[in-house]
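Structure below is work-v6.csv: CSV, C-alpha atoms.
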```csv
chain,number,residue,atom,x,y,z
A,1,MET,CA,56.7,-81.7,-40.1
A,2,SER,CA,57.6,-78.1,-40.4
A,3,ALA,CA,58.7,-77.2,-36.9
A,4,LYS,CA,58.7,-73.4,-37.2
A,5,LYS,CA,55.0,-72.7,-37.4
A,6,SER,CA,54.1,-70.3,-34.6
A,7,ILE,CA,50.9,-70.7,-32.6
A,8,LEU,CA,48.9,-68.2,-30.6
A,9,ILE,CA,46.5,-69.7,-28.0
A,10,ILE,CA,43.7,-67.4,-26.9
A,11,ASN,CA,42.3,-68.3,-23.5
A,12,GLN,CA,39.0,-66.8,-22.7
A,13,SER,CA,37.6,-69.2,-20.1
A,14,ALA,CA,37.8,-69.0,-16.3
A,15,PRO,CA,40.0,-71.7,-14.8
A,16,TYR,CA,37.6,-74.0,-13.0
A,17,GLY,CA,34.2,-73.6,-14.7
A,18,SER,CA,35.2,-75.7,-17.7
A,19,SER,CA,38.1,-77.9,-18.8
A,20,ASN,CA,39.2,-75.4,-21.4
A,21,GLY,CA,42.1,-73.9,-19.3
A,22,ARG,CA,43.6,-77.2,-18.5
A,23,GLU,CA,43.3,-78.5,-22.1
A,24,SER,CA,44.7,-75.3,-23.5
A,25,LEU,CA,47.7,-75.7,-21.3
A,26,ASP,CA,48.3,-79.3,-22.3
A,27,LEU,CA,48.3,-78.2,-26.0
A,28,ALA,CA,50.7,-75.3,-25.3
A,29,LEU,CA,53.2,-77.7,-23.6
A,30,THR,CA,52.8,-80.3,-26.4
A,31,CYS,CA,53.4,-77.7,-29.2
A,32,SER,CA,56.4,-76.5,-27.3
A,33,ILE,CA,57.8,-80.1,-27.2
A,34,PHE,CA,57.5,-80.0,-31.0
A,35,GLU,CA,59.5,-76.8,-31.0
A,36,MET,CA,56.7,-74.6,-32.3
A,37,PRO,CA,56.9,-71.1,-30.8
A,38,VAL,CA,53.9,-70.7,-28.5
A,39,SER,CA,52.3,-67.4,-27.4
A,40,LEU,CA,49.5,-67.3,-24.9
A,41,LEU,CA,46.9,-64.5,-24.7
A,42,PHE,CA,44.5,-64.3,-21.8
A,43,VAL,CA,41.4,-62.3,-22.3
A,44,GLY,CA,38.1,-61.7,-20.5
A,45,ASP,CA,37.4,-64.4,-17.9
A,46,GLY,CA,40.6,-66.2,-19.1
A,47,LEU,CA,42.5,-63.6,-17.0
A,48,TYR,CA,41.4,-65.4,-13.9
A,49,GLN,CA,43.6,-68.4,-14.9
A,50,LEU,CA,46.6,-66.2,-14.0
A,51,ILE,CA,45.7,-64.8,-10.6
A,52,ASN,CA,47.7,-65.8,-7.6
A,53,ASN,CA,46.5,-67.5,-4.4
A,54,GLN,CA,44.0,-69.8,-6.1
A,55,SER,CA,42.6,-72.3,-3.7
A,56,PRO,CA,40.5,-74.9,-5.7
A,57,GLU,CA,41.1,-77.6,-3.1
A,58,GLN,CA,37.4,-77.4,-2.0
A,59,LEU,CA,36.4,-78.1,-5.6
A,60,GLN,CA,38.7,-81.1,-5.7
A,61,MET,CA,40.6,-79.6,-8.6
A,62,LYS,CA,44.2,-79.1,-9.3
A,63,LYS,CA,45.7,-75.6,-8.9
A,64,HIS,CA,45.7,-74.0,-12.3
A,65,GLU,CA,48.4,-71.5,-11.4
A,66,ALA,CA,50.7,-74.4,-10.3
A,67,MET,CA,50.3,-76.0,-13.7
A,68,LEU,CA,51.0,-72.7,-15.4
A,69,SER,CA,54.3,-72.5,-13.4
A,70,ALA,CA,55.6,-75.3,-15.8
A,71,LEU,CA,55.5,-72.8,-18.7
A,72,PRO,CA,59.0,-71.4,-18.3
A,73,MET,CA,60.5,-74.9,-18.3
A,74,TYR,CA,58.9,-75.3,-21.7
A,75,ASP,CA,60.4,-72.0,-22.9
A,76,ILE,CA,56.9,-70.4,-23.1
A,77,ASP,CA,57.4,-66.9,-22.0
A,78,GLN,CA,55.2,-64.9,-24.5
A,79,ILE,CA,52.3,-64.4,-22.2
A,80,TYR,CA,50.0,-61.5,-23.0
A,81,VAL,CA,47.3,-59.7,-21.0
A,82,THR,CA,45.5,-56.6,-22.0
A,83,ALA,CA,45.7,-53.5,-19.7
A,84,GLU,CA,42.0,-53.0,-20.3
A,85,ASP,CA,41.1,-56.5,-19.1
A,86,LEU,CA,43.2,-56.0,-15.9
A,87,SER,CA,41.5,-52.7,-15.0
A,88,GLU,CA,38.0,-53.8,-16.0
A,89,ASN,CA,38.3,-56.8,-13.6
A,90,GLY,CA,39.8,-54.6,-10.8
A,91,LEU,CA,43.1,-56.3,-11.0
A,92,THR,CA,46.7,-55.2,-11.2
A,93,GLU,CA,49.9,-57.1,-12.3
A,94,ASN,CA,50.6,-57.7,-8.6
A,95,ASP,CA,47.5,-60.0,-8.5
A,96,LEU,CA,49.0,-62.3,-11.2
A,97,ALA,CA,51.0,-65.5,-10.4
A,98,MET,CA,53.6,-64.9,-13.2
A,99,PRO,CA,55.2,-62.1,-15.2
A,100,VAL,CA,53.2,-61.2,-18.3
A,101,THR,CA,53.5,-58.8,-21.2
A,102,LEU,CA,50.9,-56.1,-20.9
A,103,ILE,CA,49.4,-54.9,-24.2
A,104,GLN,CA,46.6,-52.6,-25.3
A,105,ARG,CA,43.5,-54.3,-26.5
A,106,ASP,CA,43.9,-53.0,-30.0
A,107,VAL,CA,47.2,-54.8,-30.3
A,108,ILE,CA,45.4,-58.2,-30.3
A,109,ALA,CA,44.8,-58.0,-34.0
A,110,SER,CA,48.4,-57.7,-34.9
A,111,LEU,CA,49.2,-60.5,-32.4
A,112,ILE,CA,46.8,-62.7,-34.4
A,113,GLN,CA,48.4,-61.6,-37.6
A,114,GLN,CA,51.9,-62.3,-36.4
A,115,ASN,CA,51.2,-66.0,-35.7
A,116,ASP,CA,50.7,-68.8,-38.3
A,117,SER,CA,47.9,-70.5,-36.4
A,118,VAL,CA,45.5,-69.4,-33.7
A,119,LEU,CA,43.5,-71.6,-31.4
A,120,THR,CA,40.9,-70.5,-29.0
A,121,PHE,CA,39.9,-72.1,-25.7
B,1,MET,CA,43.7,-75.5,-49.2
B,2,LYS,CA,44.6,-78.0,-46.5
B,3,PHE,CA,42.4,-77.7,-43.4
B,4,SER,CA,42.3,-79.2,-39.9
B,5,LEU,CA,39.4,-78.9,-37.5
B,6,VAL,CA,39.5,-79.0,-33.7
B,7,ILE,CA,36.2,-79.8,-32.1
B,8,HIS,CA,35.6,-79.1,-28.4
B,9,ALA,CA,31.8,-79.0,-28.6
B,10,SER,CA,29.8,-81.8,-27.0
B,11,PRO,CA,27.5,-83.6,-29.4
B,12,PHE,CA,23.8,-82.9,-28.8
B,13,SER,CA,24.5,-80.2,-26.1
B,14,ALA,CA,26.2,-77.6,-28.4
B,15,GLN,CA,25.2,-76.7,-31.9
B,16,THR,CA,28.8,-76.1,-32.7
B,17,SER,CA,29.3,-79.8,-32.9
B,18,SER,CA,26.9,-80.2,-35.9
B,19,THR,CA,28.2,-76.9,-37.4
B,20,ALA,CA,31.6,-78.5,-37.4
B,21,TYR,CA,30.3,-81.5,-39.4
B,22,ARG,CA,28.5,-79.2,-41.9
B,23,TYR,CA,31.6,-77.1,-42.3
B,24,ALA,CA,33.7,-80.2,-43.0
B,25,LYS,CA,31.2,-81.4,-45.6
B,26,CYS,CA,31.2,-78.0,-47.2
B,27,LEU,CA,35.0,-77.8,-47.3
B,28,LEU,CA,35.1,-81.2,-49.1
B,29,ASP,CA,32.3,-80.1,-51.5
B,30,GLU,CA,34.3,-77.0,-52.4
B,31,GLY,CA,37.4,-79.2,-53.2
B,32,HIS,CA,39.5,-78.4,-50.1
B,33,GLN,CA,41.5,-81.1,-48.4
B,34,ILE,CA,41.0,-82.0,-44.7
B,35,PHE,CA,44.2,-83.2,-43.1
B,36,ARG,CA,42.7,-84.2,-39.8
B,37,ILE,CA,39.7,-83.8,-37.5
B,38,PHE,CA,40.8,-83.6,-33.9
B,39,TYR,CA,38.3,-84.2,-31.1
B,40,TYR,CA,39.2,-82.5,-27.8
B,41,GLY,CA,37.4,-81.8,-24.5
B,42,ASP,CA,33.7,-82.8,-24.6
B,43,GLY,CA,34.1,-83.1,-28.4
B,44,VAL,CA,35.4,-86.7,-27.8
B,45,LEU,CA,32.0,-87.8,-26.7
B,46,VAL,CA,30.8,-88.1,-30.3
B,47,ALA,CA,33.1,-91.1,-30.7
B,48,ASN,CA,31.0,-93.3,-28.3
B,49,GLN,CA,29.7,-96.2,-30.3
B,50,GLN,CA,26.7,-96.5,-27.9
B,51,ILE,CA,25.3,-93.2,-29.0
B,52,THR,CA,21.6,-93.8,-29.7
B,53,PRO,CA,19.6,-90.6,-30.5
B,54,PRO,CA,15.8,-90.8,-31.1
B,55,GLN,CA,15.0,-92.1,-34.5
B,56,ASP,CA,13.6,-88.8,-35.8
B,57,GLU,CA,16.8,-86.9,-34.7
B,58,SER,CA,20.1,-86.7,-36.6
B,59,ASN,CA,22.9,-88.9,-35.6
B,60,LEU,CA,26.2,-87.0,-35.6
B,61,LEU,CA,28.2,-90.2,-34.9
B,62,THR,CA,27.0,-92.0,-38.0
B,63,ALA,CA,27.2,-88.8,-40.0
B,64,TRP,CA,30.9,-88.4,-39.2
B,65,GLN,CA,31.5,-92.1,-39.9
B,66,ALA,CA,29.9,-91.9,-43.3
B,67,LEU,CA,31.8,-88.7,-44.2
B,68,ALA,CA,35.1,-90.3,-43.0
B,69,GLU,CA,34.4,-93.4,-45.0
B,70,GLU,CA,33.6,-91.5,-48.2
B,71,HIS,CA,36.6,-89.1,-48.0
B,72,ALA,CA,39.1,-91.3,-46.0
B,73,LEU,CA,39.2,-88.7,-43.2
B,74,ASP,CA,41.6,-89.0,-40.3
B,75,LEU,CA,39.4,-88.8,-37.2
B,76,VAL,CA,41.6,-88.5,-34.1
B,77,VAL,CA,40.2,-88.4,-30.6
B,78,CYS,CA,42.4,-87.0,-27.8
B,79,ILE,CA,43.3,-90.0,-25.7
B,80,ALA,CA,43.6,-88.1,-22.4
B,81,ALA,CA,40.3,-86.3,-22.8
B,82,ALA,CA,38.6,-89.5,-24.0
B,83,VAL,CA,39.7,-91.9,-21.4
B,84,LYS,CA,38.6,-89.7,-18.5
B,85,ARG,CA,35.2,-89.3,-20.2
B,86,GLY,CA,34.9,-93.1,-20.6
B,87,ILE,CA,35.6,-93.4,-24.3
B,88,LEU,CA,38.0,-96.4,-24.5
B,89,ASP,CA,39.4,-98.5,-27.3
B,90,GLU,CA,40.3,-102.2,-26.8
B,91,ASN,CA,43.8,-101.3,-25.5
B,92,GLU,CA,42.7,-98.7,-23.0
B,93,ALA,CA,39.8,-100.9,-21.8
B,94,LYS,CA,42.3,-103.7,-21.1
B,95,ARG,CA,44.9,-101.3,-19.5
B,96,TYR,CA,42.3,-99.9,-17.0
B,97,GLU,CA,40.5,-103.2,-16.6
B,98,LYS,CA,37.2,-102.0,-17.9
B,99,PRO,CA,34.6,-104.5,-19.1
B,100,ASN,CA,34.3,-103.2,-22.6
B,101,ALA,CA,35.6,-100.8,-25.2
B,102,ASN,CA,33.3,-98.3,-26.8
B,103,LEU,CA,35.3,-96.3,-29.3
B,104,ALA,CA,33.3,-96.1,-32.5
B,105,SER,CA,34.8,-97.5,-35.6
B,106,GLY,CA,36.4,-94.9,-37.9
B,107,PHE,CA,37.9,-93.1,-34.9
B,108,GLU,CA,41.3,-93.4,-33.4
B,109,LEU,CA,42.6,-92.5,-29.9
B,110,SER,CA,45.9,-90.7,-29.9
B,111,GLY,CA,47.8,-87.9,-28.2
B,112,LEU,CA,48.0,-84.1,-28.5
B,113,GLY,CA,51.1,-84.6,-30.8
B,114,GLN,CA,48.6,-85.4,-33.5
B,115,LEU,CA,47.0,-81.9,-33.0
B,116,ALA,CA,50.5,-80.2,-33.0
B,117,GLU,CA,51.2,-82.0,-36.3
B,118,ALA,CA,47.9,-80.9,-37.8
B,119,ILE,CA,48.7,-77.3,-36.8
B,120,ALA,CA,52.1,-77.6,-38.4
B,121,VAL,CA,51.1,-79.0,-41.7
B,122,SER,CA,47.7,-77.4,-42.3
B,123,ASP,CA,47.1,-74.1,-44.1
B,124,ARG,CA,44.1,-73.4,-41.8
B,125,VAL,CA,43.1,-74.8,-38.4
B,126,VAL,CA,39.5,-74.0,-37.4
B,127,THR,CA,38.3,-74.4,-33.8
B,128,PHE,CA,34.7,-75.3,-33.0
B,129,GLY,CA,34.4,-74.4,-29.3
B,130,SER,CA,32.1,-75.6,-26.6
```

This entry written out as structure tokens:
Amino acid sequence: MSAKKSILIINQSAPYGSSNGRESLDLALTCSIFEMPVSLLFVGDGLYQLINNQSPEQLQMKKHEAMLSALPMYDIDQIYVTAEDLSENGLTENDLAMPVTLIQRDVIASLIQQNDSVLTF
Amino acid sequence: MKFSLVIHASPFSAQTSSTAYRYAKCLLDEGHQIFRIFYYGDGVLVANQQITPPQDESNLLTAWQALAEEHALDLVVCIAAAVKRGILDENEAKRYEKPNANLASGFELSGLGQLAEAIAVSDRVVTFGS
């Protein structure tokens, strides 16, 4: 299979309300194993997947931020968040569990254009 | 053009699940090729052979089976998503010591590598979300 195809995964779901966040992450790691360049964009409620000090123990769920910490080991470091989403949710970069690339919302279109394939969770 | 579809939507609960079926049918009618249909998340639930909708309602399971039969479609169900939702083939039923398998014929349990491959070789990948 052609290994060079780049993939953008758009995450728009909050971490614990559905299985989307977990399944998106599993796909990102798998694509990375197949040496496909992976970028992750977190928009809207998806931003909450990234915040630090999550405590889902009472929901009997695994910590999403802990699973995300595997990303650097898989060479996934293209992680995008929009400045607008941060400020609209009353958050700053300091509230996030990992370093991200801040972009303006109107850059999303070119991010989609730059990638060969886009999947949304 | 070569397409692959990723279906997250639960059958009967989300209209997207039947939209995905009609989209696939339309692609084939228009002469496009479908490389693979990948069922993920709650989308895997359509592969339960016990699905029994009321007689006057459409049956998405048999619809997919008929379409797959007619066009030799590759219907792949994510194994991790399926097993935890109780969709098991003979191997998994044996492995987890469950009394019976219930994966519908025409579907195959496999890993996310099958989705990565579908992304790599398809011209277009279309997601049908939950």

Find the nearest atom pair between each residue of chain A and chain B for residues within 12 Å, count all atoms listed in the file, give distances in Å to one decimal, sort rows by chain and ascending number, and present the table as JSON lines.
```
{"residue": "A:Met1", "atom": "CA", "partner": "B:Ala120", "partner_atom": "CA", "distance": 6.4}
{"residue": "A:Ser2", "atom": "CA", "partner": "B:Ala120", "partner_atom": "CA", "distance": 5.9}
{"residue": "A:Ala3", "atom": "CA", "partner": "B:Ala120", "partner_atom": "CA", "distance": 6.8}
{"residue": "A:Lys4", "atom": "CA", "partner": "B:Ala120", "partner_atom": "CA", "distance": 7.9}
{"residue": "A:Lys5", "atom": "CA", "partner": "B:Ala120", "partner_atom": "CA", "distance": 5.8}
{"residue": "A:Ser6", "atom": "CA", "partner": "B:Ala120", "partner_atom": "CA", "distance": 8.5}
{"residue": "A:Ile7", "atom": "CA", "partner": "B:Ile119", "partner_atom": "CA", "distance": 8.1}
{"residue": "A:Leu8", "atom": "CA", "partner": "B:Ile119", "partner_atom": "CA", "distance": 11.0}
{"residue": "A:Ile9", "atom": "CA", "partner": "B:Thr127", "partner_atom": "CA", "distance": 11.1}
{"residue": "A:Ile10", "atom": "CA", "partner": "B:Thr127", "partner_atom": "CA", "distance": 11.2}
{"residue": "A:Asn11", "atom": "CA", "partner": "B:Gly129", "partner_atom": "CA", "distance": 11.5}
{"residue": "A:Gln12", "atom": "CA", "partner": "B:Gly129", "partner_atom": "CA", "distance": 11.1}
{"residue": "A:Ser13", "atom": "CA", "partner": "B:Ser130", "partner_atom": "CA", "distance": 10.7}
{"residue": "A:Ser18", "atom": "CA", "partner": "B:Gly41", "partner_atom": "CA", "distance": 9.4}
{"residue": "A:Ser19", "atom": "CA", "partner": "B:Gly41", "partner_atom": "CA", "distance": 6.9}
{"residue": "A:Asn20", "atom": "CA", "partner": "B:Gly41", "partner_atom": "CA", "distance": 7.3}
{"residue": "A:Gly21", "atom": "CA", "partner": "B:Gly41", "partner_atom": "CA", "distance": 10.6}
{"residue": "A:Arg22", "atom": "CA", "partner": "B:Gly41", "partner_atom": "CA", "distance": 9.8}
{"residue": "A:Glu23", "atom": "CA", "partner": "B:Gly41", "partner_atom": "CA", "distance": 7.2}
{"residue": "A:Ser24", "atom": "CA", "partner": "B:Gly41", "partner_atom": "CA", "distance": 9.8}
{"residue": "A:Leu25", "atom": "CA", "partner": "B:Leu112", "partner_atom": "CA", "distance": 11.1}
{"residue": "A:Asp26", "atom": "CA", "partner": "B:Leu112", "partner_atom": "CA", "distance": 7.8}
{"residue": "A:Leu27", "atom": "CA", "partner": "B:Leu112", "partner_atom": "CA", "distance": 6.4}
{"residue": "A:Ala28", "atom": "CA", "partner": "B:Ala116", "partner_atom": "CA", "distance": 9.1}
{"residue": "A:Leu29", "atom": "CA", "partner": "B:Leu112", "partner_atom": "CA", "distance": 9.6}
{"residue": "A:Thr30", "atom": "CA", "partner": "B:Gly113", "partner_atom": "CA", "distance": 6.4}
{"residue": "A:Cys31", "atom": "CA", "partner": "B:Ala116", "partner_atom": "CA", "distance": 5.4}
{"residue": "A:Ser32", "atom": "CA", "partner": "B:Ala116", "partner_atom": "CA", "distance": 9.0}
{"residue": "A:Ile33", "atom": "CA", "partner": "B:Gly113", "partner_atom": "CA", "distance": 8.8}
{"residue": "A:Phe34", "atom": "CA", "partner": "B:Ala116", "partner_atom": "CA", "distance": 7.3}
{"residue": "A:Glu35", "atom": "CA", "partner": "B:Ala116", "partner_atom": "CA", "distance": 9.8}
{"residue": "A:Met36", "atom": "CA", "partner": "B:Ala120", "partner_atom": "CA", "distance": 8.2}
{"residue": "A:Pro37", "atom": "CA", "partner": "B:Ala120", "partner_atom": "CA", "distance": 11.1}
{"residue": "A:Val38", "atom": "CA", "partner": "B:Ala116", "partner_atom": "CA", "distance": 11.0}
{"residue": "A:Asn115", "atom": "CA", "partner": "B:Ile119", "partner_atom": "CA", "distance": 11.6}
{"residue": "A:Asp116", "atom": "CA", "partner": "B:Asp123", "partner_atom": "CA", "distance": 8.6}
{"residue": "A:Ser117", "atom": "CA", "partner": "B:Val125", "partner_atom": "CA", "distance": 6.7}
{"residue": "A:Val118", "atom": "CA", "partner": "B:Val125", "partner_atom": "CA", "distance": 7.6}
{"residue": "A:Leu119", "atom": "CA", "partner": "B:Thr127", "partner_atom": "CA", "distance": 6.4}
{"residue": "A:Thr120", "atom": "CA", "partner": "B:Thr127", "partner_atom": "CA", "distance": 6.7}
{"residue": "A:Phe121", "atom": "CA", "partner": "B:Gly129", "partner_atom": "CA", "distance": 7.0}
```

Which value, in Å to one decimal, gives the distance between atom CA of A:Leu41 and atom CA of A:Val81?
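Distance between the two atoms: 6.1 Å.
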
Got a sec: who's within 12 Å of B:Tyr23, counting only C-alpha atoms, leaving out chain neighbours fewer than 6 positions off, as a list in words?
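Listed by chain and then number, they are Phe3, Ser4, Leu5, Val6, Ile7, Thr16, Ser17, Asp29, Glu30, His32, Ile34, Ile37, Trp64, Leu67, Val126, Thr127 and Phe128 of chain B.
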
Between atom CA of A:Thr82 and atom CA of A:Tyr16, distance in Å (one decimal):
21.1 Å

Close residues, A:Leu91 itself excluded, 10 Å, all atoms listed in the file, min 5 positions apart in chain, as JSON, numbers by chain
{"A": [47, 48, 51, 83, 84, 85, 86, 96]}

Considering all atoms listed in the file, can you say which of A:Gln113, A:Asn52, A:Gln78, A:Gln60 comes closest to A:Glu93?
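Looking at the shortest contact to A:Glu93, the residue is A:Asn52.
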
Gap from atom CA of B:Arg22 to atom CA of B:Gln55 - Å, one decimal
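It comes out at 20.1 Å.
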
Residue with smallest distance to A:Ala70 - pool A:Ile108, A:Met98, A:Ser39, A:Ser87, counting all atoms listed in the file
A:Met98

Contacts of stretch 98-100 of chain B within 12 Å, only C-alpha atoms, excl. fewer than 4 positions in-chain, as a ChimeraX atom specification
/B:48-50,83,86-94

Take the residues that were just selected and, keeping C-alpha atoms, output them as a JSON list (two decimals), keeping the file's coordinate frame.
```json
[["chain", "number", "residue", "atom", "x", "y", "z"],
["B", 48, "ASN", "CA", 31.00, -93.30, -28.30],
["B", 49, "GLN", "CA", 29.70, -96.20, -30.30],
["B", 50, "GLN", "CA", 26.70, -96.50, -27.90],
["B", 83, "VAL", "CA", 39.70, -91.90, -21.40],
["B", 86, "GLY", "CA", 34.90, -93.10, -20.60],
["B", 87, "ILE", "CA", 35.60, -93.40, -24.30],
["B", 88, "LEU", "CA", 38.00, -96.40, -24.50],
["B", 89, "ASP", "CA", 39.40, -98.50, -27.30],
["B", 90, "GLU", "CA", 40.30, -102.20, -26.80],
["B", 91, "ASN", "CA", 43.80, -101.30, -25.50],
["B", 92, "GLU", "CA", 42.70, -98.70, -23.00],
["B", 93, "ALA", "CA", 39.80, -100.90, -21.80],
["B", 94, "LYS", "CA", 42.30, -103.70, -21.10]]
```

Just checking: using only C-alpha atoms, which residue out of B:Gln33, B:Ser13, B:Ser18, B:Ser110 ends up closest to B:Cys78?
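The answer is B:Ser110, which sits nearest to B:Cys78.
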